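**Q** Below is a structure I'd like to ask you about.
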Amino acid sequence: MADRKEASPLSPERAFPDKHIPRPQVRDLPAPPRNQWRLIGPGIVAAGVGLATGEFILFPYITSQVGLTFVWAALLGLVTQYFLNMEIERYTLATGETAVTGFSRLWKHWGLVFAIMALFANLWPAWATSSATLITYAIGGDKSLVAVGILLLVGLILTLAPAVYTALERAEMLKVAAIVLLIAIGALFVIGAETWQALPTVVTQPGFPAAELGFAVLMGALAFAGAGGGQNLVQSNWIRDKGFGMGHYVPKIVSPLTGETEARGQAGFIFPATDENMDRWKAWWRFANKEQLMTFVLITFLSIMFMSLLAYGTVFGHPGLENDVSFLRIQGEKMSAMAGGWFGYFFWIVGAFSLFAAALGIVDYTCRLAADVLKTSYFPDASESKVYAILVWSLCATGMVVIAVGMGQPLLLAIISACTNGVMMFIYSGLLIAINRKMLPAQIRVSGVRLGALVWSIILFGVMAILTVHQQVDKLLGG
């Protein structure tokens, strides 16, 4: 307490509420490395984890029903998430703390609220079962056994890798490379002249086909293109483990068995607004913005656009398609007929690996978010790496049990999952304004266009949350 009493009223740490978490230490901002390319990665991880059912199923399904008229919404959703992610990154670049820790400074239990919501949204192992389904399309086998094997592999990777983030980054980079290869081959063998001629309609004939598909489906595709829910929040954790900004001073999550654990405190750091630190801040901020724009936004948009083109060239106008993983079976069969049997199998294998990598990232971010919250706000003396490992195996084991007993997804759990992401994003869009305006030094606070983007995010996800909750409550009540 003595340090707090002696702090000058102008000291940067004075702006941080310390009722629940100690004030940050004051340290100079590390200089960005000369070779910034070696720091590329968090945006690719975000893109890799986010490239899941929405990119492989939802947008292609919409295209199969109404053509390319709704692809514009992916760009709008991604631009919104770009600004949202950058405000999450702003706080971590400046403090080394996650945005959730910033929220917990305002009210101790904000972090727990988000951790529980992320857990409920991802408790059902949908990505593992979807990946297993595609594997059975390609090579046969028992879907349940394959899905259990996938969850076992996810648990082993996330708890045996010496540096967890490094393993995750490599897996997501491999996934992105596989999707790029799929797109390149598809452009040569599947996307014909008629499909390429339809490409300009993305711009010349934009539409919002609510009458054909329903408002909730379209708003879900728009709002959650790329990521959504807790994944955006964990952008903080990923850039911190990569060493961005003040995250350079914070230890990484490692395997309790194979890594060298290093303790971290509850609080982060903040830098005084000297000329040297401000020059370094500007360099870090430029790089972080460029990294997110050229990886997360660009990779995700190109993936959505080309996966939609593949769908347009294969199943546009095909009757009786379902908005679930069975859609990919029909699309793969059509591709086999057009480009040879090998391409359909290649499509299923890439899709299976893509959904496996999504499962890997989803388990990671759910447990990473919860471990950070438990360590920071409730168990400051605990090892974050051990808490993370326990959570990983708990989540994977729950999924294995659910699959092994052949339990279908309970309606209530499906409804909770559908509702939580929009509600989360609505709430933390507002909280980001609070922490990035109230706590950070005046020179680096959110303002102007970026502040306006957060207000837009509140409106978008607020509307999305209201519509989704209303729809799901009707479904629960049998309306």
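Ligands are numbered from 1 in the order shown, residues from 1 within each chain, and chains are lettered A, B, ... in the order they appear in the structure tokens.
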Neighbouring residues of A:Pro256 were defined as those with any atom within 7 Å, considering only C-alpha atoms; residues of the same chain fewer than 2 positions away were excluded. Please report them as a PyMOL selection string.

**A** chain A and resi 254+258-259+261+385-386

**Q** Using only C-alpha atoms, what does the table of stretch 148-248 of chain A residues within 8 Å of stretch 23-38 of chain A look like, with each row giving the shortest atom pair and its distance in Å to one decimal, sorted by chain and ascending number, as a Markdown table?

**A**
| residue | atom | partner | partner_atom | distance |
| --- | --- | --- | --- | --- |
| A:Gly245 | CA | A:Pro30 | CA | 6.3 |
| A:Met246 | CA | A:Leu29 | CA | 6.0 |
| A:His248 | CA | A:Pro30 | CA | 7.2 |

**Q** Ranking A:Ile459, A:Ile435, A:Leu454, A:Val469 by minimum distance to A:Ala15 and counting only C-alpha atoms, which one comes first?

**A**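 The closest residue to A:Ala15 is A:Ile435.
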
**Q** Taking the chain letters and numbering used in this document, name the residues of stretch 301-397 of chain A that DSSP puts in alpha helix (DSSP H), as a PyMOL selection string.

**A** chain A and resi 301-315+326-339+341-373+384-397

**Q** In terms of the shortest atom-to-atom distance over only C-alpha atoms, which of A:Leu328, A:Val473, A:Ile185, A:Leu467 is closest to A:Gly351?

**A**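 Of all the options, A:Leu328 lies closest to A:Gly351.
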
**Q** Could you pull the residues within 10 Å of A:Leu76, counting only C-alpha atoms, minus those fewer than 3 positions along the same chain, as a ChimeraX atom specification?

**A** /A:71-73,79-82,222-223,225,301

**Q** Name the residues in contact with A:Asp241 at a cut-off of 8 Å, using only C-alpha atoms, excluding same-chain residues fewer than 6 positions from it; report them as a VMD selection string.

**A** chain A and resid 165 247 to 248 250 to 253

**Q** With N, CA and C atoms retained, write the just-selected residues as a PDB file, in the first residue's frame.

**A**
ATOM      1  N   TYR A 165       0.926 -21.345 -27.049  1.00  0.00           N
ATOM      2  CA  TYR A 165       0.593 -20.446 -28.147  1.00  0.00           C
ATOM      3  C   TYR A 165       1.349 -20.820 -29.420  1.00  0.00           C
ATOM      4  N   GLY A 247       3.079  -6.684 -23.215  1.00  0.00           N
ATOM      5  CA  GLY A 247       2.993  -8.133 -23.052  1.00  0.00           C
ATOM      6  C   GLY A 247       4.358  -8.800 -23.037  1.00  0.00           C
ATOM      7  N   HIS A 248       5.383  -8.079 -23.497  1.00  0.00           N
ATOM      8  CA  HIS A 248       6.760  -8.592 -23.477  1.00  0.00           C
ATOM      9  C   HIS A 248       7.187  -8.973 -22.061  1.00  0.00           C
ATOM     10  N   VAL A 250       5.247 -10.207 -19.674  1.00  0.00           N
ATOM     11  CA  VAL A 250       4.343 -11.172 -19.035  1.00  0.00           C
ATOM     12  C   VAL A 250       4.696 -12.590 -19.475  1.00  0.00           C
ATOM     13  N   PRO A 251       4.833 -13.547 -18.532  1.00  0.00           N
ATOM     14  CA  PRO A 251       5.165 -14.937 -18.897  1.00  0.00           C
ATOM     15  C   PRO A 251       4.072 -15.584 -19.750  1.00  0.00           C
ATOM     16  N   LYS A 252       4.498 -16.533 -20.569  1.00  0.00           N
ATOM     17  CA  LYS A 252       3.574 -17.266 -21.437  1.00  0.00           C
ATOM     18  C   LYS A 252       2.973 -18.451 -20.698  1.00  0.00           C
ATOM     19  N   ILE A 253       1.820 -18.934 -21.204  1.00  0.00           N
ATOM     20  CA  ILE A 253       1.269 -20.205 -20.735  1.00  0.00           C
ATOM     21  C   ILE A 253       2.074 -21.337 -21.355  1.00  0.00           C
TER      22      ILE A 253
END

**Q** Would you kindly return, as an NGL selection string, each protein, DNA or RNA residue with an atom no farther than 7 Å from any atom of A:Phe426, considering only C-alpha atoms and excluding same-chain residues fewer than 6 positions away?

**A** :A and (458 or 461-462)

**Q** Taking into account only C-alpha atoms, which residue in the set A:Ser130, A:Asn436, A:Thr166, A:Ser336 is nearest to A:Leu39?

**A**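 Result for the nearest residue to A:Leu39: A:Thr166.
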
**Q** Excluding A:Leu158 and its own-chain neighbours fewer than 4 positions away, which residues fall within 12 Å of it when counting only C-alpha atoms? Please give them as a compact mmCIF listing (two decimals) with all heavy atoms, in the first residue's frame.

**A**
# COMPACT_ATOMS: atom_id res chain seq x y z
N LEU A 151 -10.90 -35.04 -29.85
CA LEU A 151 -10.83 -34.33 -28.56
C LEU A 151 -9.62 -34.78 -27.74
O LEU A 151 -8.99 -33.97 -27.06
CB LEU A 151 -12.12 -34.56 -27.77
CG LEU A 151 -13.35 -33.81 -28.30
CD1 LEU A 151 -14.60 -34.24 -27.54
CD2 LEU A 151 -13.16 -32.31 -28.20
N LEU A 152 -9.31 -36.07 -27.80
CA LEU A 152 -8.12 -36.56 -27.11
C LEU A 152 -6.87 -35.91 -27.67
O LEU A 152 -5.97 -35.47 -26.92
CB LEU A 152 -8.04 -38.08 -27.25
CG LEU A 152 -6.85 -38.78 -26.57
CD1 LEU A 152 -6.92 -38.58 -25.06
CD2 LEU A 152 -6.83 -40.26 -26.90
N LEU A 153 -6.78 -35.79 -29.00
CA LEU A 153 -5.63 -35.16 -29.63
C LEU A 153 -5.54 -33.68 -29.28
O LEU A 153 -4.45 -33.15 -29.02
CB LEU A 153 -5.72 -35.34 -31.15
CG LEU A 153 -4.55 -34.79 -31.99
CD1 LEU A 153 -3.24 -35.43 -31.55
CD2 LEU A 153 -4.81 -35.03 -33.47
N VAL A 154 -6.68 -33.00 -29.25
CA VAL A 154 -6.71 -31.58 -28.86
C VAL A 154 -6.15 -31.41 -27.45
O VAL A 154 -5.30 -30.54 -27.19
CB VAL A 154 -8.15 -31.04 -28.93
CG1 VAL A 154 -8.27 -29.70 -28.19
CG2 VAL A 154 -8.59 -30.86 -30.38
N PRO A 162 5.44 -27.38 -25.24
CA PRO A 162 6.21 -26.55 -24.30
C PRO A 162 5.71 -25.11 -24.22
O PRO A 162 5.67 -24.53 -23.13
CB PRO A 162 7.63 -26.63 -24.86
CG PRO A 162 7.67 -27.92 -25.60
CD PRO A 162 6.31 -28.09 -26.19
N ALA A 163 5.35 -24.52 -25.34
CA ALA A 163 4.73 -23.19 -25.37
C ALA A 163 3.41 -23.35 -26.12
O ALA A 163 3.40 -23.60 -27.33
CB ALA A 163 5.63 -22.18 -26.06
N VAL A 164 2.30 -23.22 -25.42
CA VAL A 164 0.99 -23.54 -25.99
C VAL A 164 0.67 -22.66 -27.18
O VAL A 164 0.21 -23.13 -28.23
CB VAL A 164 -0.11 -23.43 -24.91
CG1 VAL A 164 -1.49 -23.67 -25.53
CG2 VAL A 164 0.14 -24.42 -23.78
N TYR A 165 0.93 -21.35 -27.05
CA TYR A 165 0.59 -20.45 -28.15
C TYR A 165 1.35 -20.82 -29.42
O TYR A 165 0.79 -20.79 -30.52
CB TYR A 165 0.90 -18.99 -27.79
CG TYR A 165 0.76 -18.08 -28.99
CD1 TYR A 165 -0.49 -17.64 -29.40
CD2 TYR A 165 1.87 -17.75 -29.77
CE1 TYR A 165 -0.64 -16.86 -30.54
CE2 TYR A 165 1.74 -16.98 -30.90
CZ TYR A 165 0.48 -16.53 -31.28
OH TYR A 165 0.33 -15.78 -32.42
N THR A 166 2.62 -21.20 -29.28
CA THR A 166 3.42 -21.55 -30.45
C THR A 166 2.83 -22.74 -31.19
O THR A 166 2.74 -22.75 -32.43
CB THR A 166 4.87 -21.86 -30.03
OG1 THR A 166 5.42 -20.72 -29.36
CG2 THR A 166 5.73 -22.19 -31.23
N ALA A 167 2.40 -23.75 -30.44
CA ALA A 167 1.77 -24.93 -31.07
C ALA A 167 0.48 -24.54 -31.78
O ALA A 167 0.21 -24.99 -32.90
CB ALA A 167 1.51 -25.99 -30.02
N LEU A 168 -0.33 -23.70 -31.11
CA LEU A 168 -1.58 -23.26 -31.71
C LEU A 168 -1.32 -22.46 -32.98
O LEU A 168 -1.98 -22.66 -34.01
CB LEU A 168 -2.36 -22.41 -30.70
CG LEU A 168 -3.69 -21.83 -31.19
CD1 LEU A 168 -4.69 -22.94 -31.46
CD2 LEU A 168 -4.25 -20.85 -30.15
N GLU A 169 -0.35 -21.56 -32.94
CA GLU A 169 -0.04 -20.73 -34.09
C GLU A 169 0.39 -21.60 -35.28
O GLU A 169 -0.06 -21.37 -36.42
CB GLU A 169 1.07 -19.75 -33.74
CG GLU A 169 1.44 -18.80 -34.87
CD GLU A 169 2.57 -17.86 -34.46
OE1 GLU A 169 3.75 -18.24 -34.63
OE2 GLU A 169 2.27 -16.77 -33.96
N ALA A 171 -0.39 -24.72 -35.89
CA ALA A 171 -1.55 -25.47 -36.39
C ALA A 171 -2.44 -24.59 -37.25
O ALA A 171 -2.91 -24.99 -38.32
CB ALA A 171 -2.34 -26.06 -35.22
N ILE A 253 1.82 -18.93 -21.20
CA ILE A 253 1.27 -20.20 -20.73
C ILE A 253 2.07 -21.34 -21.36
O ILE A 253 2.29 -21.36 -22.57
CB ILE A 253 -0.22 -20.34 -21.12
CG1 ILE A 253 -1.06 -19.36 -20.29
CG2 ILE A 253 -0.71 -21.76 -20.89
CD1 ILE A 253 -2.54 -19.43 -20.62
N VAL A 254 2.52 -22.26 -20.52
CA VAL A 254 3.33 -23.39 -21.00
C VAL A 254 2.72 -24.69 -20.47
O VAL A 254 1.83 -24.69 -19.62
CB VAL A 254 4.80 -23.28 -20.53
CG1 VAL A 254 5.44 -22.01 -21.07
CG2 VAL A 254 4.89 -23.31 -19.00
N SER A 255 3.22 -25.81 -20.96
CA SER A 255 2.79 -27.11 -20.45
C SER A 255 3.35 -27.32 -19.05
O SER A 255 4.55 -27.11 -18.82
CB SER A 255 3.28 -28.23 -21.36
OG SER A 255 3.14 -29.49 -20.73
N PRO A 256 2.51 -27.75 -18.10
CA PRO A 256 3.04 -28.06 -16.77
C PRO A 256 4.02 -29.23 -16.78
O PRO A 256 4.78 -29.41 -15.84
CB PRO A 256 1.78 -28.43 -15.97
CG PRO A 256 0.63 -27.86 -16.73
CD PRO A 256 1.06 -27.91 -18.17
N LEU A 257 3.99 -30.04 -17.86
CA LEU A 257 4.85 -31.22 -17.95
C LEU A 257 6.12 -30.98 -18.74
O LEU A 257 7.18 -31.52 -18.39
CB LEU A 257 4.06 -32.39 -18.58
CG LEU A 257 2.80 -32.83 -17.83
CD1 LEU A 257 2.09 -33.92 -18.61
CD2 LEU A 257 3.15 -33.31 -16.43
N THR A 258 6.04 -30.20 -19.82
CA THR A 258 7.20 -30.06 -20.71
C THR A 258 7.75 -28.64 -20.80
O THR A 258 8.80 -28.43 -21.40
CB THR A 258 6.83 -30.53 -22.13
OG1 THR A 258 5.79 -29.68 -22.65
CG2 THR A 258 6.34 -31.96 -22.13
N GLY A 259 7.06 -27.66 -20.24
CA GLY A 259 7.51 -26.27 -20.34
C GLY A 259 8.09 -25.79 -19.02
O GLY A 259 7.96 -26.42 -17.97
N ALA A 357 -8.72 -27.86 -36.52
CA ALA A 357 -7.93 -26.72 -36.04
C ALA A 357 -8.83 -25.71 -35.34
O ALA A 357 -8.40 -25.04 -34.39
CB ALA A 357 -7.20 -26.07 -37.21
N ALA A 359 -11.51 -26.55 -33.61
CA ALA A 359 -11.75 -27.15 -32.30
C ALA A 359 -10.56 -26.91 -31.37
O ALA A 359 -10.73 -26.61 -30.18
CB ALA A 359 -12.00 -28.66 -32.45
N LEU A 360 -9.35 -27.05 -31.92
CA LEU A 360 -8.14 -26.80 -31.13
C LEU A 360 -8.13 -25.37 -30.60
O LEU A 360 -7.89 -25.13 -29.41
CB LEU A 360 -6.91 -27.05 -32.02
CG LEU A 360 -5.54 -26.95 -31.36
CD1 LEU A 360 -5.30 -28.14 -30.45
CD2 LEU A 360 -4.44 -26.88 -32.43
N GLY A 361 -8.43 -24.41 -31.48
CA GLY A 361 -8.42 -23.02 -31.07
C GLY A 361 -9.56 -22.67 -30.13
O GLY A 361 -9.39 -21.84 -29.22
N ILE A 362 -10.71 -23.28 -30.32
CA ILE A 362 -11.87 -22.97 -29.48
C ILE A 362 -11.65 -23.49 -28.06
O ILE A 362 -11.96 -22.81 -27.08
CB ILE A 362 -13.15 -23.53 -30.11
CG1 ILE A 362 -13.52 -22.68 -31.33
CG2 ILE A 362 -14.31 -23.56 -29.11
CD1 ILE A 362 -14.51 -23.33 -32.27
N VAL A 363 -11.13 -24.71 -27.93
CA VAL A 363 -10.80 -25.22 -26.60
C VAL A 363 -9.74 -24.33 -25.96
O VAL A 363 -9.82 -23.99 -24.76
CB VAL A 363 -10.33 -26.68 -26.67
CG1 VAL A 363 -9.80 -27.16 -25.31
CG2 VAL A 363 -11.46 -27.59 -27.12
N ASP A 364 -8.73 -23.94 -26.74
CA ASP A 364 -7.68 -23.07 -26.20
C ASP A 364 -8.25 -21.75 -25.70
O ASP A 364 -7.99 -21.36 -24.56
CB ASP A 364 -6.63 -22.79 -27.28
CG ASP A 364 -5.63 -21.72 -26.83
OD1 ASP A 364 -4.72 -22.04 -26.05
OD2 ASP A 364 -5.79 -20.55 -27.27
N TYR A 365 -9.04 -21.06 -26.53
CA TYR A 365 -9.46 -19.72 -26.10
C TYR A 365 -10.46 -19.78 -24.95
O TYR A 365 -10.45 -18.92 -24.06
CB TYR A 365 -9.95 -18.88 -27.27
CG TYR A 365 -11.40 -18.95 -27.65
CD1 TYR A 365 -12.40 -18.48 -26.80
CD2 TYR A 365 -11.79 -19.41 -28.91
CE1 TYR A 365 -13.73 -18.49 -27.17
CE2 TYR A 365 -13.12 -19.42 -29.29
CZ TYR A 365 -14.09 -18.97 -28.41
OH TYR A 365 -15.40 -18.98 -28.78
N CYS A 367 -10.52 -22.03 -22.50
CA CYS A 367 -9.76 -22.34 -21.28
C CYS A 367 -8.76 -21.24 -20.95
O CYS A 367 -8.50 -20.97 -19.77
CB CYS A 367 -9.07 -23.69 -21.43
SG CYS A 367 -10.24 -25.05 -21.70
N ARG A 368 -8.21 -20.61 -21.97
CA ARG A 368 -7.26 -19.50 -21.75
C ARG A 368 -7.97 -18.34 -21.08
O ARG A 368 -7.44 -17.71 -20.15
CB ARG A 368 -6.66 -19.09 -23.09
CG ARG A 368 -5.47 -18.14 -22.98
CD ARG A 368 -4.96 -17.82 -24.38
NE ARG A 368 -4.27 -18.94 -25.00
CZ ARG A 368 -2.96 -19.12 -24.95
NH1 ARG A 368 -2.19 -18.26 -24.31
NH2 ARG A 368 -2.40 -20.15 -25.56
N SER A 385 -0.66 -21.87 -15.84
CA SER A 385 -0.46 -22.99 -16.76
C SER A 385 -1.16 -24.25 -16.27
O SER A 385 -1.77 -24.99 -17.05
CB SER A 385 1.03 -23.25 -16.97
OG SER A 385 1.66 -22.14 -17.60
N LYS A 386 -1.10 -24.51 -14.96
CA LYS A 386 -1.76 -25.70 -14.40
C LYS A 386 -3.27 -25.55 -14.44
O LYS A 386 -3.99 -26.51 -14.77
CB LYS A 386 -1.28 -25.94 -12.97
CG LYS A 386 0.17 -26.40 -12.88
CD LYS A 386 0.58 -26.64 -11.45
CE LYS A 386 2.05 -27.10 -11.38
NZ LYS A 386 2.49 -27.32 -9.96
N TYR A 388 -4.94 -23.78 -16.59
CA TYR A 388 -5.28 -23.92 -18.00
C TYR A 388 -5.34 -25.40 -18.40
O TYR A 388 -6.30 -25.84 -19.05
CB TYR A 388 -4.25 -23.18 -18.84
CG TYR A 388 -4.34 -23.42 -20.34
CD1 TYR A 388 -5.24 -22.71 -21.13
CD2 TYR A 388 -3.52 -24.36 -20.96
CE1 TYR A 388 -5.32 -22.93 -22.49
CE2 TYR A 388 -3.59 -24.59 -22.32
CZ TYR A 388 -4.49 -23.87 -23.08
OH TYR A 388 -4.57 -24.09 -24.45
N ALA A 389 -4.34 -26.18 -18.00
CA ALA A 389 -4.30 -27.60 -18.36
C ALA A 389 -5.49 -28.36 -17.77
O ALA A 389 -6.10 -29.20 -18.44
CB ALA A 389 -2.99 -28.22 -17.89
N ILE A 390 -5.85 -28.06 -16.53
CA ILE A 390 -7.00 -28.71 -15.89
C ILE A 390 -8.28 -28.38 -16.65
O ILE A 390 -9.12 -29.25 -16.91
CB ILE A 390 -7.11 -28.28 -14.42
CG1 ILE A 390 -5.94 -28.86 -13.62
CG2 ILE A 390 -8.44 -28.72 -13.82
CD1 ILE A 390 -5.82 -28.29 -12.21
N LEU A 391 -8.43 -27.12 -17.04
CA LEU A 391 -9.62 -26.70 -17.77
C LEU A 391 -9.69 -27.36 -19.15
O LEU A 391 -10.78 -27.76 -19.60
CB LEU A 391 -9.64 -25.17 -17.91
CG LEU A 391 -9.89 -24.39 -16.62
CD1 LEU A 391 -9.63 -22.90 -16.85
CD2 LEU A 391 -11.31 -24.60 -16.12
N VAL A 392 -8.55 -27.46 -19.82
CA VAL A 392 -8.52 -28.10 -21.14
C VAL A 392 -9.03 -29.53 -21.06
O VAL A 392 -9.91 -29.95 -21.82
CB VAL A 392 -7.09 -28.07 -21.73
CG1 VAL A 392 -6.97 -29.05 -22.91
CG2 VAL A 392 -6.74 -26.67 -22.20
N TRP A 393 -8.50 -30.29 -20.13
CA TRP A 393 -8.90 -31.69 -20.02
C TRP A 393 -10.33 -31.84 -19.51
O TRP A 393 -11.04 -32.79 -19.88
CB TRP A 393 -7.92 -32.47 -19.16
CG TRP A 393 -6.70 -32.86 -19.93
CD1 TRP A 393 -5.44 -32.37 -19.79
CD2 TRP A 393 -6.65 -33.79 -21.02
NE1 TRP A 393 -4.59 -32.93 -20.72
CE2 TRP A 393 -5.31 -33.81 -21.49
CE3 TRP A 393 -7.59 -34.59 -21.65
CZ2 TRP A 393 -4.90 -34.61 -22.55
CZ3 TRP A 393 -7.19 -35.39 -22.72
CH2 TRP A 393 -5.86 -35.40 -23.15
N LEU A 395 -12.80 -29.75 -20.24
CA LEU A 395 -13.67 -29.46 -21.39
C LEU A 395 -13.64 -30.61 -22.39
O LEU A 395 -14.68 -31.03 -22.91
CB LEU A 395 -13.24 -28.15 -22.05
CG LEU A 395 -14.15 -27.59 -23.14
CD1 LEU A 395 -15.56 -27.38 -22.63
CD2 LEU A 395 -13.58 -26.28 -23.68
N CYS A 396 -12.44 -31.12 -22.67
CA CYS A 396 -12.33 -32.25 -23.61
C CYS A 396 -13.02 -33.50 -23.06
O CYS A 396 -13.72 -34.20 -23.80
CB CYS A 396 -10.86 -32.55 -23.90
SG CYS A 396 -10.03 -31.30 -24.90

**Q** For A:Ile349, which residue among A:Leu199, A:Ala132, A:Val100, A:Leu123 is the nearest when counting only C-alpha atoms?

**A**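 The closest residue to A:Ile349 is A:Ala132.
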